[in-house]
Each structure stands twice: as structure tokens, then as C-alpha cells.
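Text of target_6.tsv, listed as TSV, C-alpha atoms:
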```tsv
chain	number	residue	atom	x	y	z
A	12	MET	CA	0.00	0.00	0.00
A	13	ARG	CA	2.86	2.36	0.90
A	14	LEU	CA	4.34	1.93	-2.56
A	15	LEU	CA	0.98	2.51	-4.16
A	16	ASN	CA	0.52	5.70	-2.14
A	17	LEU	CA	3.96	6.83	-3.24
A	18	LEU	CA	3.22	6.13	-6.87
A	19	PHE	CA	-0.29	7.56	-6.77
A	20	PRO	CA	-0.50	10.17	-4.01
A	21	GLU	CA	-3.96	11.38	-2.99
A	22	ARG	CA	-5.02	14.02	-5.47
A	23	ARG	CA	-5.25	17.50	-3.89
A	24	THR	CA	-8.85	17.90	-4.89
A	25	SER	CA	-10.87	20.80	-3.48
A	26	ALA	CA	-12.63	18.34	-1.14
A	27	VAL	CA	-9.26	17.27	0.31
A	28	ILE	CA	-8.32	20.93	0.86
A	29	ALA	CA	-11.70	21.56	2.52
A	30	ARG	CA	-11.18	18.63	4.89
A	31	GLU	CA	-7.70	19.80	5.91
A	32	ARG	CA	-8.77	23.42	6.44
A	33	LEU	CA	-11.72	22.31	8.56
A	34	LYS	CA	-9.58	20.04	10.74
A	35	ILE	CA	-7.15	22.86	11.50
A	36	VAL	CA	-9.71	25.56	12.20
A	37	LEU	CA	-11.89	23.30	14.34
A	38	ALA	CA	-8.96	22.04	16.42
A	39	HIS	CA	-8.18	25.66	17.23
A	40	GLU	CA	-11.80	26.65	17.92
A	41	ARG	CA	-12.50	23.65	20.13
A	42	ALA	CA	-9.47	24.44	22.30
A	43	SER	CA	-10.57	28.02	22.91
A	44	ARG	CA	-14.27	27.14	23.23
A	45	ASP	CA	-13.81	25.05	26.35
A	46	ALA	CA	-11.66	27.65	28.08
A	47	PRO	CA	-13.29	29.46	31.02
A	48	ASP	CA	-13.95	33.19	30.62
A	49	PHE	CA	-11.37	34.30	33.19
A	50	LEU	CA	-8.35	32.97	31.28
A	51	PRO	CA	-7.76	36.08	29.11
A	52	VAL	CA	-8.00	38.34	32.20
A	53	LEU	CA	-5.67	36.06	34.17
A	54	GLN	CA	-3.22	36.14	31.28
A	55	LYS	CA	-3.29	39.95	31.17
A	56	GLU	CA	-2.80	40.35	34.91
A	57	LEU	CA	0.08	37.85	34.94
A	58	LEU	CA	1.63	39.78	32.09
A	59	ASP	CA	1.38	43.02	34.11
A	60	VAL	CA	2.97	41.46	37.19
A	61	ILE	CA	5.80	39.69	35.36
A	62	GLY	CA	6.34	42.81	33.26
A	63	ARG	CA	7.33	44.69	36.41
A	64	TYR	CA	10.39	42.46	36.73
A	65	VAL	CA	11.32	41.40	33.21
A	66	GLU	CA	10.56	42.66	29.78
A	67	ILE	CA	7.87	40.50	28.33
A	68	ARG	CA	5.58	40.64	25.32
A	69	SER	CA	2.01	39.37	25.29
A	70	ASP	CA	2.91	36.47	22.99
A	71	MET	CA	5.48	35.17	25.49
A	72	ILE	CA	2.91	33.99	28.01
A	73	ARG	CA	0.46	31.14	27.46
A	74	VAL	CA	-2.27	30.17	29.88
A	75	ASN	CA	-4.14	26.92	29.36
A	76	LEU	CA	-6.63	24.97	31.38
A	77	GLY	CA	-6.20	21.29	30.71
A	78	ARG	CA	-8.07	18.35	32.09
A	79	SER	CA	-7.16	14.77	32.85
A	80	GLY	CA	-9.81	12.70	34.52
A	81	ASP	CA	-11.18	14.53	37.55
A	82	THR	CA	-8.28	16.96	37.88
A	83	SER	CA	-8.02	20.29	36.15
A	84	LEU	CA	-4.54	21.53	35.41
A	85	LEU	CA	-3.84	25.22	35.06
A	86	GLU	CA	-0.75	25.45	32.91
A	87	ILE	CA	1.12	28.75	32.68
A	88	ASN	CA	4.06	28.99	30.33
A	89	VAL	CA	6.21	32.11	30.48
A	90	GLU	CA	8.92	32.49	27.95
A	91	ILE	CA	11.61	34.95	28.89
A	92	ASP	CA	14.12	36.36	26.46
A	93	SER	CA	17.56	35.55	27.95
A	94	ALA	CA	18.97	38.84	26.66
A	95	GLN	CA	16.60	40.69	28.97
A	96	VAL	CA	17.59	38.76	32.08
A	97	SER	CA	20.88	39.45	33.78
A	98	PRO	CA	22.63	36.03	34.09
A	99	ALA	CA	24.85	37.21	36.98
A	100	LYS	CA	21.86	38.09	39.14
A	101	ASN	CA	19.60	35.10	38.67
A	102	GLY	CA	21.73	32.40	37.10
A	103	ALA	CA	19.35	31.70	34.26
A	104	ALA	CA	20.43	28.73	32.17
A	105	GLY	CA	20.51	30.95	29.15
A	106	ASP	CA	18.52	28.73	26.83
A	107	GLY	CA	15.97	31.48	26.50
A	108	LYS	CA	13.17	29.43	27.98
A	109	ALA	CA	14.36	28.96	31.51
A	110	ALA	CA	12.08	29.99	34.31
A	111	ALA	CA	13.37	33.24	35.80
A	112	ARG	CA	14.30	33.09	39.44
A	113	ILE	CA	13.29	36.35	40.94
A	114	ASP	CA	14.36	37.47	44.39
A	115	PRO	CA	11.47	39.59	45.63
A	116	GLY	CA	13.69	41.42	48.12
A	117	ALA	CA	16.39	42.68	45.81
A	118	ALA	CA	15.75	45.61	43.53
A	119	ALA	CA	16.44	44.01	40.21
A	120	PRO	CA	18.48	46.12	37.79
A	121	TRP	CA	16.29	45.14	34.87
A	122	VAL	CA	13.15	46.62	36.40
A	123	LYS	CA	11.60	49.03	34.01
A	124	PRO	CA	11.18	52.47	35.57
A	125	SER	CA	7.43	52.97	35.76
B	3	MET	CA	-47.04	9.23	28.24
B	4	ALA	CA	-43.76	11.12	28.42
B	5	GLY	CA	-42.85	12.41	25.00
B	6	LYS	CA	-39.30	12.92	23.83
B	7	VAL	CA	-38.13	16.33	22.60
B	8	ILE	CA	-36.05	16.26	19.40
B	9	VAL	CA	-34.45	19.46	18.09
B	10	LEU	CA	-33.35	19.92	14.48
B	11	THR	CA	-30.60	22.47	14.47
B	12	SER	CA	-27.57	23.49	12.38
B	13	GLY	CA	-26.30	26.96	13.16
B	14	LYS	CA	-26.12	27.76	9.46
B	15	GLY	CA	-29.24	28.72	7.55
B	16	GLY	CA	-30.50	27.12	4.36
B	17	VAL	CA	-29.12	23.63	5.03
B	18	GLY	CA	-32.55	21.97	5.17
B	19	LYS	CA	-33.66	22.16	8.81
B	20	THR	CA	-37.33	22.81	8.08
B	21	THR	CA	-37.44	20.26	5.24
B	22	SER	CA	-35.82	17.72	7.57
B	23	ALA	CA	-38.05	18.58	10.55
B	24	ALA	CA	-41.14	18.11	8.36
B	25	ALA	CA	-39.82	14.85	6.89
B	26	ILE	CA	-38.66	13.35	10.21
B	27	ALA	CA	-41.91	14.30	11.98
B	28	ALA	CA	-44.02	12.87	9.16
B	29	GLY	CA	-41.80	9.76	9.07
B	30	LEU	CA	-42.33	9.18	12.81
B	31	ALA	CA	-46.09	9.67	12.40
B	32	LEU	CA	-46.19	7.24	9.45
B	33	ARG	CA	-44.75	4.64	11.82
B	34	GLY	CA	-47.65	5.22	14.18
B	35	HIS	CA	-46.00	7.53	16.73
B	36	ARG	CA	-48.05	10.51	17.86
B	37	THR	CA	-45.88	13.41	16.72
B	38	VAL	CA	-46.06	17.19	16.81
B	39	VAL	CA	-43.66	19.43	14.90
B	40	ILE	CA	-43.09	22.94	16.33
B	41	ASP	CA	-41.76	25.97	14.48
B	42	PHE	CA	-39.31	27.87	16.73
B	43	ASP	CA	-38.42	30.44	14.07
B	44	VAL	CA	-40.41	33.34	15.55
B	45	GLY	CA	-40.95	36.09	12.97
B	46	LEU	CA	-40.07	33.89	9.99
B	47	ARG	CA	-42.82	31.28	10.00
B	48	ASN	CA	-42.23	28.68	7.28
B	49	LEU	CA	-42.98	25.23	8.65
B	50	ASP	CA	-46.69	25.79	7.89
B	51	LEU	CA	-45.86	26.23	4.19
B	52	ILE	CA	-43.61	23.16	4.06
B	53	MET	CA	-46.34	21.13	5.80
B	54	GLY	CA	-49.03	22.58	3.53
B	55	CYS	CA	-51.26	23.99	6.28
B	56	GLU	CA	-50.54	27.74	5.91
B	57	ARG	CA	-54.22	28.60	5.40
B	58	ARG	CA	-55.31	26.81	8.55
B	59	VAL	CA	-53.19	28.80	11.03
B	60	VAL	CA	-55.38	30.64	13.55
B	61	PHE	CA	-53.46	30.67	16.82
B	62	ASP	CA	-49.74	30.14	17.26
B	63	PHE	CA	-46.96	29.17	19.70
B	64	ILE	CA	-46.66	32.69	21.16
B	65	ASN	CA	-50.44	32.93	21.69
B	66	VAL	CA	-50.28	29.72	23.72
B	67	ILE	CA	-47.20	30.84	25.70
B	68	ASN	CA	-48.96	34.11	26.56
B	69	GLY	CA	-52.15	32.28	27.54
B	70	ASP	CA	-54.19	33.91	24.75
B	71	ALA	CA	-55.09	30.53	23.28
B	72	LYS	CA	-55.33	26.93	24.44
B	73	LEU	CA	-52.94	24.32	23.07
B	74	ASN	CA	-55.70	22.40	21.26
B	75	GLN	CA	-56.83	25.62	19.55
B	76	ALA	CA	-53.36	26.18	18.08
B	77	LEU	CA	-52.40	22.63	17.08
B	78	ILE	CA	-53.21	21.83	13.44
B	79	LYS	CA	-54.02	18.22	12.63
B	80	ASP	CA	-52.34	16.96	9.46
B	81	LYS	CA	-54.80	15.97	6.72
B	82	ARG	CA	-52.64	13.06	5.51
B	83	ASN	CA	-51.85	11.36	8.82
B	84	ASP	CA	-53.91	11.19	12.02
B	85	SER	CA	-50.84	10.94	14.27
B	86	LEU	CA	-49.25	14.15	12.97
B	87	TYR	CA	-49.81	17.67	14.30
B	88	ILE	CA	-48.27	21.00	13.33
B	89	PHE	CA	-47.67	23.80	15.83
B	90	PRO	CA	-47.01	27.02	13.88
B	91	THR	CA	-45.04	29.95	15.21
B	92	SER	CA	-45.91	33.63	15.32
B	93	GLN	CA	-44.99	36.28	12.77
B	94	THR	CA	-44.25	38.81	15.52
B	95	ARG	CA	-40.98	40.70	15.29
B	96	ASP	CA	-40.55	40.48	19.05
B	97	LYS	CA	-37.95	37.70	19.30
B	98	ASP	CA	-38.08	37.73	23.10
B	99	ALA	CA	-41.70	36.57	22.98
B	100	LEU	CA	-40.25	33.05	23.22
B	101	LYS	CA	-39.94	33.01	27.01
B	102	ARG	CA	-38.11	30.01	28.41
B	103	ASP	CA	-40.54	29.25	31.26
B	104	GLY	CA	-43.48	29.57	28.86
B	105	VAL	CA	-41.82	27.23	26.37
B	106	GLU	CA	-41.14	24.74	29.17
B	107	ARG	CA	-44.78	24.81	30.27
B	108	VAL	CA	-46.03	24.19	26.72
B	109	LEU	CA	-43.50	21.38	26.10
B	110	GLU	CA	-44.47	19.68	29.37
B	111	GLU	CA	-48.13	19.81	28.31
B	112	LEU	CA	-47.26	18.37	24.87
B	113	LYS	CA	-45.27	15.54	26.46
B	114	ASP	CA	-48.51	14.24	28.00
B	115	SER	CA	-50.16	13.60	24.65
B	116	PHE	CA	-47.33	13.04	22.16
B	117	ASP	CA	-44.56	10.45	21.75
B	118	TYR	CA	-42.29	12.86	19.89
B	119	ILE	CA	-42.04	16.64	19.92
B	120	VAL	CA	-39.95	17.73	16.94
B	121	CYS	CA	-38.57	21.28	17.28
B	122	ASP	CA	-37.55	23.11	14.12
B	123	SER	CA	-34.86	25.55	15.28
B	124	PRO	CA	-34.12	28.89	13.61
B	125	ALA	CA	-30.64	29.43	12.15
B	126	GLY	CA	-27.98	31.21	14.17
B	127	ILE	CA	-27.07	30.96	17.85
B	128	GLU	CA	-29.36	33.67	19.16
B	129	HIS	CA	-32.25	33.43	21.62
B	130	GLY	CA	-34.59	31.41	19.36
B	131	ALA	CA	-32.01	28.76	18.50
B	132	LEU	CA	-30.82	28.49	22.11
B	133	THR	CA	-34.40	28.14	23.35
B	134	ALA	CA	-35.15	25.45	20.76
B	135	MET	CA	-32.16	23.36	21.87
B	136	TYR	CA	-32.43	24.01	25.61
B	137	PHE	CA	-35.12	21.41	26.40
B	138	ALA	CA	-33.96	18.77	23.90
B	139	ASP	CA	-33.55	15.10	24.78
B	140	SER	CA	-32.08	14.39	21.32
B	141	ALA	CA	-30.63	16.67	18.69
B	142	ILE	CA	-30.39	16.09	14.96
B	143	ILE	CA	-27.63	18.26	13.51
B	144	VAL	CA	-28.51	19.02	9.90
B	145	THR	CA	-25.25	19.54	8.00
B	146	ASN	CA	-24.34	20.07	4.35
B	147	PRO	CA	-21.03	18.68	3.06
B	148	GLU	CA	-19.57	22.18	2.89
B	149	VAL	CA	-17.01	23.98	5.08
B	150	SER	CA	-19.17	26.70	6.63
B	151	SER	CA	-21.99	24.28	7.47
B	152	VAL	CA	-19.60	21.78	9.10
B	153	ARG	CA	-17.94	24.52	11.15
B	154	ASP	CA	-21.28	25.87	12.37
B	155	SER	CA	-22.45	22.36	13.21
B	156	ASP	CA	-19.37	21.88	15.37
B	157	ARG	CA	-20.20	25.10	17.21
B	158	ILE	CA	-23.79	23.94	17.79
B	159	ILE	CA	-22.59	20.55	19.09
B	160	GLY	CA	-20.44	22.48	21.60
B	161	LEU	CA	-23.43	24.59	22.69
B	162	LEU	CA	-25.61	21.49	23.17
B	163	ALA	CA	-22.93	20.07	25.45
B	164	SER	CA	-22.74	23.21	27.59
B	165	LYS	CA	-25.94	25.27	27.30
B	166	SER	CA	-28.76	22.72	27.22
B	167	ARG	CA	-30.95	21.92	30.22
B	168	ARG	CA	-29.42	18.45	30.40
B	169	ALA	CA	-25.94	20.00	30.58
B	170	GLU	CA	-26.92	22.59	33.20
B	171	PHE	CA	-28.54	20.01	35.49
B	172	ASN	CA	-25.82	17.37	34.96
B	173	LEU	CA	-28.31	14.94	33.44
B	174	GLU	CA	-27.49	12.41	30.75
B	175	PRO	CA	-26.21	14.50	27.80
B	176	VAL	CA	-28.40	15.32	24.81
B	177	ALA	CA	-28.17	12.47	22.28
B	178	VAL	CA	-26.62	14.11	19.22
B	179	HIS	CA	-27.05	12.73	15.67
B	180	LEU	CA	-25.66	13.84	12.33
B	181	LEU	CA	-27.98	14.20	9.35
B	182	LEU	CA	-25.97	14.97	6.23
B	183	SER	CA	-28.22	16.61	3.65
B	184	ARG	CA	-27.86	17.84	0.06
B	185	TYR	CA	-25.27	15.13	-0.58
B	186	SER	CA	-24.20	14.76	-4.18
B	187	PRO	CA	-22.48	11.39	-4.84
B	188	GLU	CA	-21.49	12.58	-8.30
B	189	ARG	CA	-19.61	15.61	-6.94
B	190	VAL	CA	-18.04	13.49	-4.19
B	191	ARG	CA	-16.75	11.11	-6.87
B	192	LYS	CA	-15.14	14.04	-8.67
B	193	GLY	CA	-13.47	15.23	-5.46
B	194	GLU	CA	-15.56	18.40	-5.38
B	195	MET	CA	-17.44	17.64	-2.17
B	196	LEU	CA	-16.55	16.41	1.33
B	197	THR	CA	-17.36	12.70	1.72
B	198	VAL	CA	-19.68	11.23	4.39
B	199	GLU	CA	-16.58	9.81	6.09
B	200	ASP	CA	-14.88	13.24	6.12
B	201	VAL	CA	-17.82	14.92	7.85
B	202	LYS	CA	-18.34	12.02	10.26
B	203	GLU	CA	-14.68	12.04	11.22
B	204	ILE	CA	-14.50	15.83	11.66
B	205	LEU	CA	-17.68	16.17	13.76
B	206	SER	CA	-17.28	12.75	15.44
B	207	ILE	CA	-20.95	12.18	16.22
B	208	PRO	CA	-23.04	9.17	15.12
B	209	LEU	CA	-24.51	9.34	11.63
B	210	LEU	CA	-28.30	9.18	11.41
B	211	GLY	CA	-28.57	9.44	7.65
B	212	VAL	CA	-27.42	10.89	4.37
B	213	ILE	CA	-30.02	12.70	2.27
B	214	PRO	CA	-29.05	12.91	-1.39
B	215	GLU	CA	-29.52	16.17	-3.25
B	216	SER	CA	-32.79	15.54	-5.02
B	217	GLU	CA	-35.20	17.41	-7.24
B	218	SER	CA	-38.04	15.88	-5.27
B	219	VAL	CA	-37.25	18.14	-2.27
B	220	LEU	CA	-38.18	21.31	-4.16
B	221	ARG	CA	-41.23	19.56	-5.61
B	222	ALA	CA	-42.28	18.61	-2.09
B	223	SER	CA	-41.94	22.16	-0.76
B	224	ASN	CA	-43.73	23.58	-3.82
B	225	THR	CA	-46.77	21.49	-2.98
B	226	GLY	CA	-46.52	21.60	0.82
B	227	THR	CA	-46.01	17.85	1.19
B	228	PRO	CA	-43.25	16.46	3.43
B	229	VAL	CA	-40.90	14.58	1.11
B	230	VAL	CA	-41.43	11.25	2.94
B	231	PHE	CA	-44.90	11.06	1.38
B	232	ASP	CA	-43.21	10.77	-2.04
B	233	GLU	CA	-42.57	7.02	-2.39
B	234	GLU	CA	-40.46	7.48	-5.51
B	235	SER	CA	-38.08	10.06	-4.09
B	236	PRO	CA	-34.54	9.00	-3.06
B	237	ALA	CA	-34.55	11.84	-0.50
B	238	GLY	CA	-37.89	10.63	0.89
B	239	ARG	CA	-36.59	7.06	1.22
B	240	ALA	CA	-33.38	8.32	2.82
B	241	TYR	CA	-35.47	10.19	5.43
B	242	HIS	CA	-37.46	7.00	6.10
B	243	ASP	CA	-34.15	5.21	6.72
B	244	ALA	CA	-33.03	8.00	9.06
B	245	VAL	CA	-36.27	7.71	11.05
B	246	ALA	CA	-35.85	3.93	11.29
B	247	ARG	CA	-32.27	4.38	12.59
B	248	PHE	CA	-33.48	7.00	15.07
B	249	LEU	CA	-35.90	4.38	16.41
B	250	GLY	CA	-33.02	1.92	16.80
B	251	GLU	CA	-33.20	-0.14	13.61
B	252	GLN	CA	-30.09	-1.08	11.65
B	253	ARG	CA	-30.22	0.10	8.05
B	254	GLU	CA	-27.53	0.20	5.40
B	255	LEU	CA	-26.74	3.63	3.97
B	256	ARG	CA	-28.19	4.12	0.49
B	257	PHE	CA	-27.81	6.65	-2.32
B	258	LEU	CA	-24.07	7.12	-1.78
B	259	GLN	CA	-23.14	6.10	-5.31
B	260	PRO	CA	-23.81	8.23	-8.40
B	261	GLU	CA	-27.10	7.16	-9.95
B	262	ARG	CA	-26.76	5.30	-13.22
B	263	ARG	CA	-29.36	6.80	-15.50
B	264	SER	CA	-30.64	4.45	-18.13
B	265	PHE	CA	-30.93	5.71	-21.68
B	266	PHE	CA	-34.73	5.85	-21.55
B	267	ARG	CA	-34.85	7.56	-18.17
B	268	ALA	CA	-32.35	10.13	-19.38
B	269	LEU	CA	-34.60	10.79	-22.37
B	270	PHE	CA	-38.03	10.76	-20.72
B	271	GLY	CA	-37.77	10.14	-17.01
B	272	ARG	CA	-37.66	12.34	-13.97
B	273	ALA	CA	-34.95	12.11	-11.40
```

Rewrite the structure of this file - the entire thing - as C-alpha cells.
Amino acid sequence: MRLLNLLFPERRTSAVIARERLKIVLAHERASRDAPDFLPVLQKELLDVIGRYVEIRSDMIRVNLGRSGDTSLLEINVEIDSAQVSPAKNGAAGDGKAAARIDPGAAAPWVKPS
Amino acid sequence: MAGKVIVLTSGKGGVGKTTSAAAIAAGLALRGHRTVVIDFDVGLRNLDLIMGCERRVVFDFINVINGDAKLNQALIKDKRNDSLYIFPTSQTRDKDALKRDGVERVLEELKDSFDYIVCDSPAGIEHGALTAMYFADSAIIVTNPEVSSVRDSDRIIGLLASKSRRAEFNLEPVAVHLLLSRYSPERVRKGEMLTVEDVKEILSIPLLGVIPESESVLRASNTGTPVVFDEESPAGRAYHDAVARFLGEQRELRFLQPERRSFFRALFGRA
């Protein structure tokens, strides 16, 4: 069958294109449909708080509510640009995606003057 | 008697909700079940025309909700089948006339005397459509093999799972069925139309039936006769199959292959 598929690949008919477009758009819509209403607000407030310590853009934070069985899992991913974090101060691994260790006591040099 | 509430819904307009509601209701009645079909499209009454009783409408759904008429004054008995009743809607422009507690009261009253209460939902996801689906025990999602219809159906399936009475009260979920209408085997063969399998896989709900695109559907609406009364019509027979499956029978899918037209039929026959 593999060989046959290689020799005669599925024709990219308009119906095949329709099916692929639908699968992509619906996967995206289903994920956002089940999300509770507070997620966008939570994401914005987290962004404000983290933004006081490190420079961060809105696309660098992702908030998802997942579910497995009876447990709900609130997953927060914050991506921090290593260039914006002083390695001497917090010892970030420097791979650009490391979680920033922030000492709440010390006045961090990278704080943006507000 | 505790009747079951079936909603025909789709999100998108023009996919064949009213045609299907009329055909499914008539199909249930032809099998001896006492059935009423209700028009939920307040302001755009059309079920009466499709059922051929437009000149017999005196009182409507909103009159009964408001207590201006009794249920038996508003129900129209079908002239072709004793088990079939039509409950027309109002032409008022006040969409909010469809009050949820009033609708609930009327449905509860209908459940006492009917086996099946078929609700023909308006298009969209506004008040009328949400009210039509709210009390449903089963839902038939009418979908065309076309991207916008499939997307809207997916949205409606999501709403049924979250906004129906069964969802709000943590009861057994609404039983959701797919009815694929306006299917053209010829165009599917040419790769111009999504296949049954495509739509089934994307929406992942059980398939109740596939209604082939058929000239008989327009003929049926022209004359105000639900298409199941046309014994010759492929669409009519496909609706009969769908009704049988709804009632739990096993039936093979038909009309999925392009029709071979004989020379004489091509010359003289009708489709």
C-alpha cells in the first residue's frame, strides 16, 4: 500500500483541501471554546505582574486549562528572552526558555522604571 | 405518556432544517407515533408552508405561551396522517416573545399527549435557536457537506454540550445525531465535495442518515407535502431510513453512489 501511495498520491482535490482546512480551524476553535472566561483576564494580569520584573511581550505567556480525569490543570508557560535577564543576578540557564528566578527582596536592575 | 423532545438544528441557515423537521416528523407519524412538529423560528414562520397547512393557522406558539389561546386551539391536525400535528409559530418581530418558562410549560403539556415533539430551530445561535435546543432530549444536527456548514455544526454541538438543560442540570447528555443533507455522490466522486466519512470524522458524532440532493425536495416544498410522502423520491426514502435508525433499527446507507441513469430515463424520465 505504501508503494501505491507513493506512486499515486492522494489528489489534492478541493474536497481534500476543505477537509484539511476544517480540521485545523476546528482544532483551534475547540481548544478556545472550552476555556473558562477568566483565562484572558488572568493572562493579562500575569503579564502586568511579570512585566514589572522582566521585559515581556504578550505572545510570550500562554495560559491553558487542561483536564485529565477529575483533575483540572492550570498550565502557565512564560517564555523569557535571555537577553533581557541578567545572568549574573539570577543564574538563568541561558537557553531562552528557563524559568526566571526572581528574588522579591532585591531591587532588580532590569526593572523598568514605571 | 412522556414524549421525547427532538431538536433539528444546524447553526447555518438554508441547510434543510425545516425540510428535515417536516420529513422526520411525518416519518415518525407514518410509523404510528403521535408526533407534533413545532416551528421555533419566531418572525419567519415557514414550517406551515412546508407542511401545507398555511391557510389553517389561527393561533400560534406565542399565543399559547402568553395564555391567549389553548394548546388544542393552536395545534393543526395533518390531513394526511392522524398521528401528525403542526404547531405554527408567530410572525411577531418580538424575538423575546419566546420566554423560556413559557416554552417549558407548553412542552411539558405536549409531552402528556405526544410520543415525539420535533422542534424546528431557527438558524444562528441567538435566543430562538438556544431556546429550541435548551429542552432537547435528542438533537439532529442538519449539516451540508460544505465547510461553513460543518464549522457551524461543530459550534452547535459544543453549545448542546454546555448550554442545554441536560448539561446545566448534569443529566445524561443530549443524544446528538448527524444528518448529512444535500449530498451529491457525483460531486463526491469528482473530489468536489466532502465525503460522508470526512464529515463524520470531523464532527465525530453518530450518523443518522445521508439525504441525497434531489429534485423531489423542491417539488415537495412547492406542494406543501413532506418529502417522505413521495414514495419514488430517493430523499424521501433516505429520510425513512433515518427515522428507522433513530428508532433503533439497523439500516444500510443508500444513495451514496452516483445514480446510473438508463438511456430511456435520461430521455423521458424524472430524477

Could you work out which residues of chain A fall inside 8 Å of chain B? Count only C-alpha atoms, and format the result as JSON, numbers by chain. {"A": [24, 25, 26, 27, 29, 30, 33, 34, 37, 44]}

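Between CA of Asp103 (chain B) and CA of Ala24 (chain B) lies a distance of 25.5 Å.
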
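We find CA of Glu170 (chain B) and CA of Arg102 (chain B) to be spaced 14.3 Å apart.
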
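Nearest to Leu182 (chain B) of all the residues B:Val17, B:Ile119, B:Leu51, B:Ile64 is B:Val17, counting only C-alpha atoms.
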
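The environment of region 53-57 of chain B within 10 Å, counting all atoms listed in the file and disregarding residues fewer than 6 places along the same chain, consists of Thr20, Thr21, Ala23, Ala24, Ala25, Ala28, Val39, Arg47, Ile78, Lys79, Asp80, Lys81, Tyr87, Ile88, Pro90, Ala222, Ser223, Asn224, Thr225, Gly226, Thr227, Pro228 and Val229 of chain B.
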
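A straight line drawn from CA of Asp50 (chain B) to CA of Val38 (chain B) is 12.4 Å long.
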
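With distances taken over all atoms listed in the file, B:Phe42 is the one residue among B:Phe42, B:Phe116, B:Phe89, B:Phe257 lying closest to Tyr136 (chain B).
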
Counting only C-alpha atoms, find residues at most 7 Å from (-8.0, 30.2, 29.6) (file frame) and give them as number ranges by chain. A: 46-51, 74-76
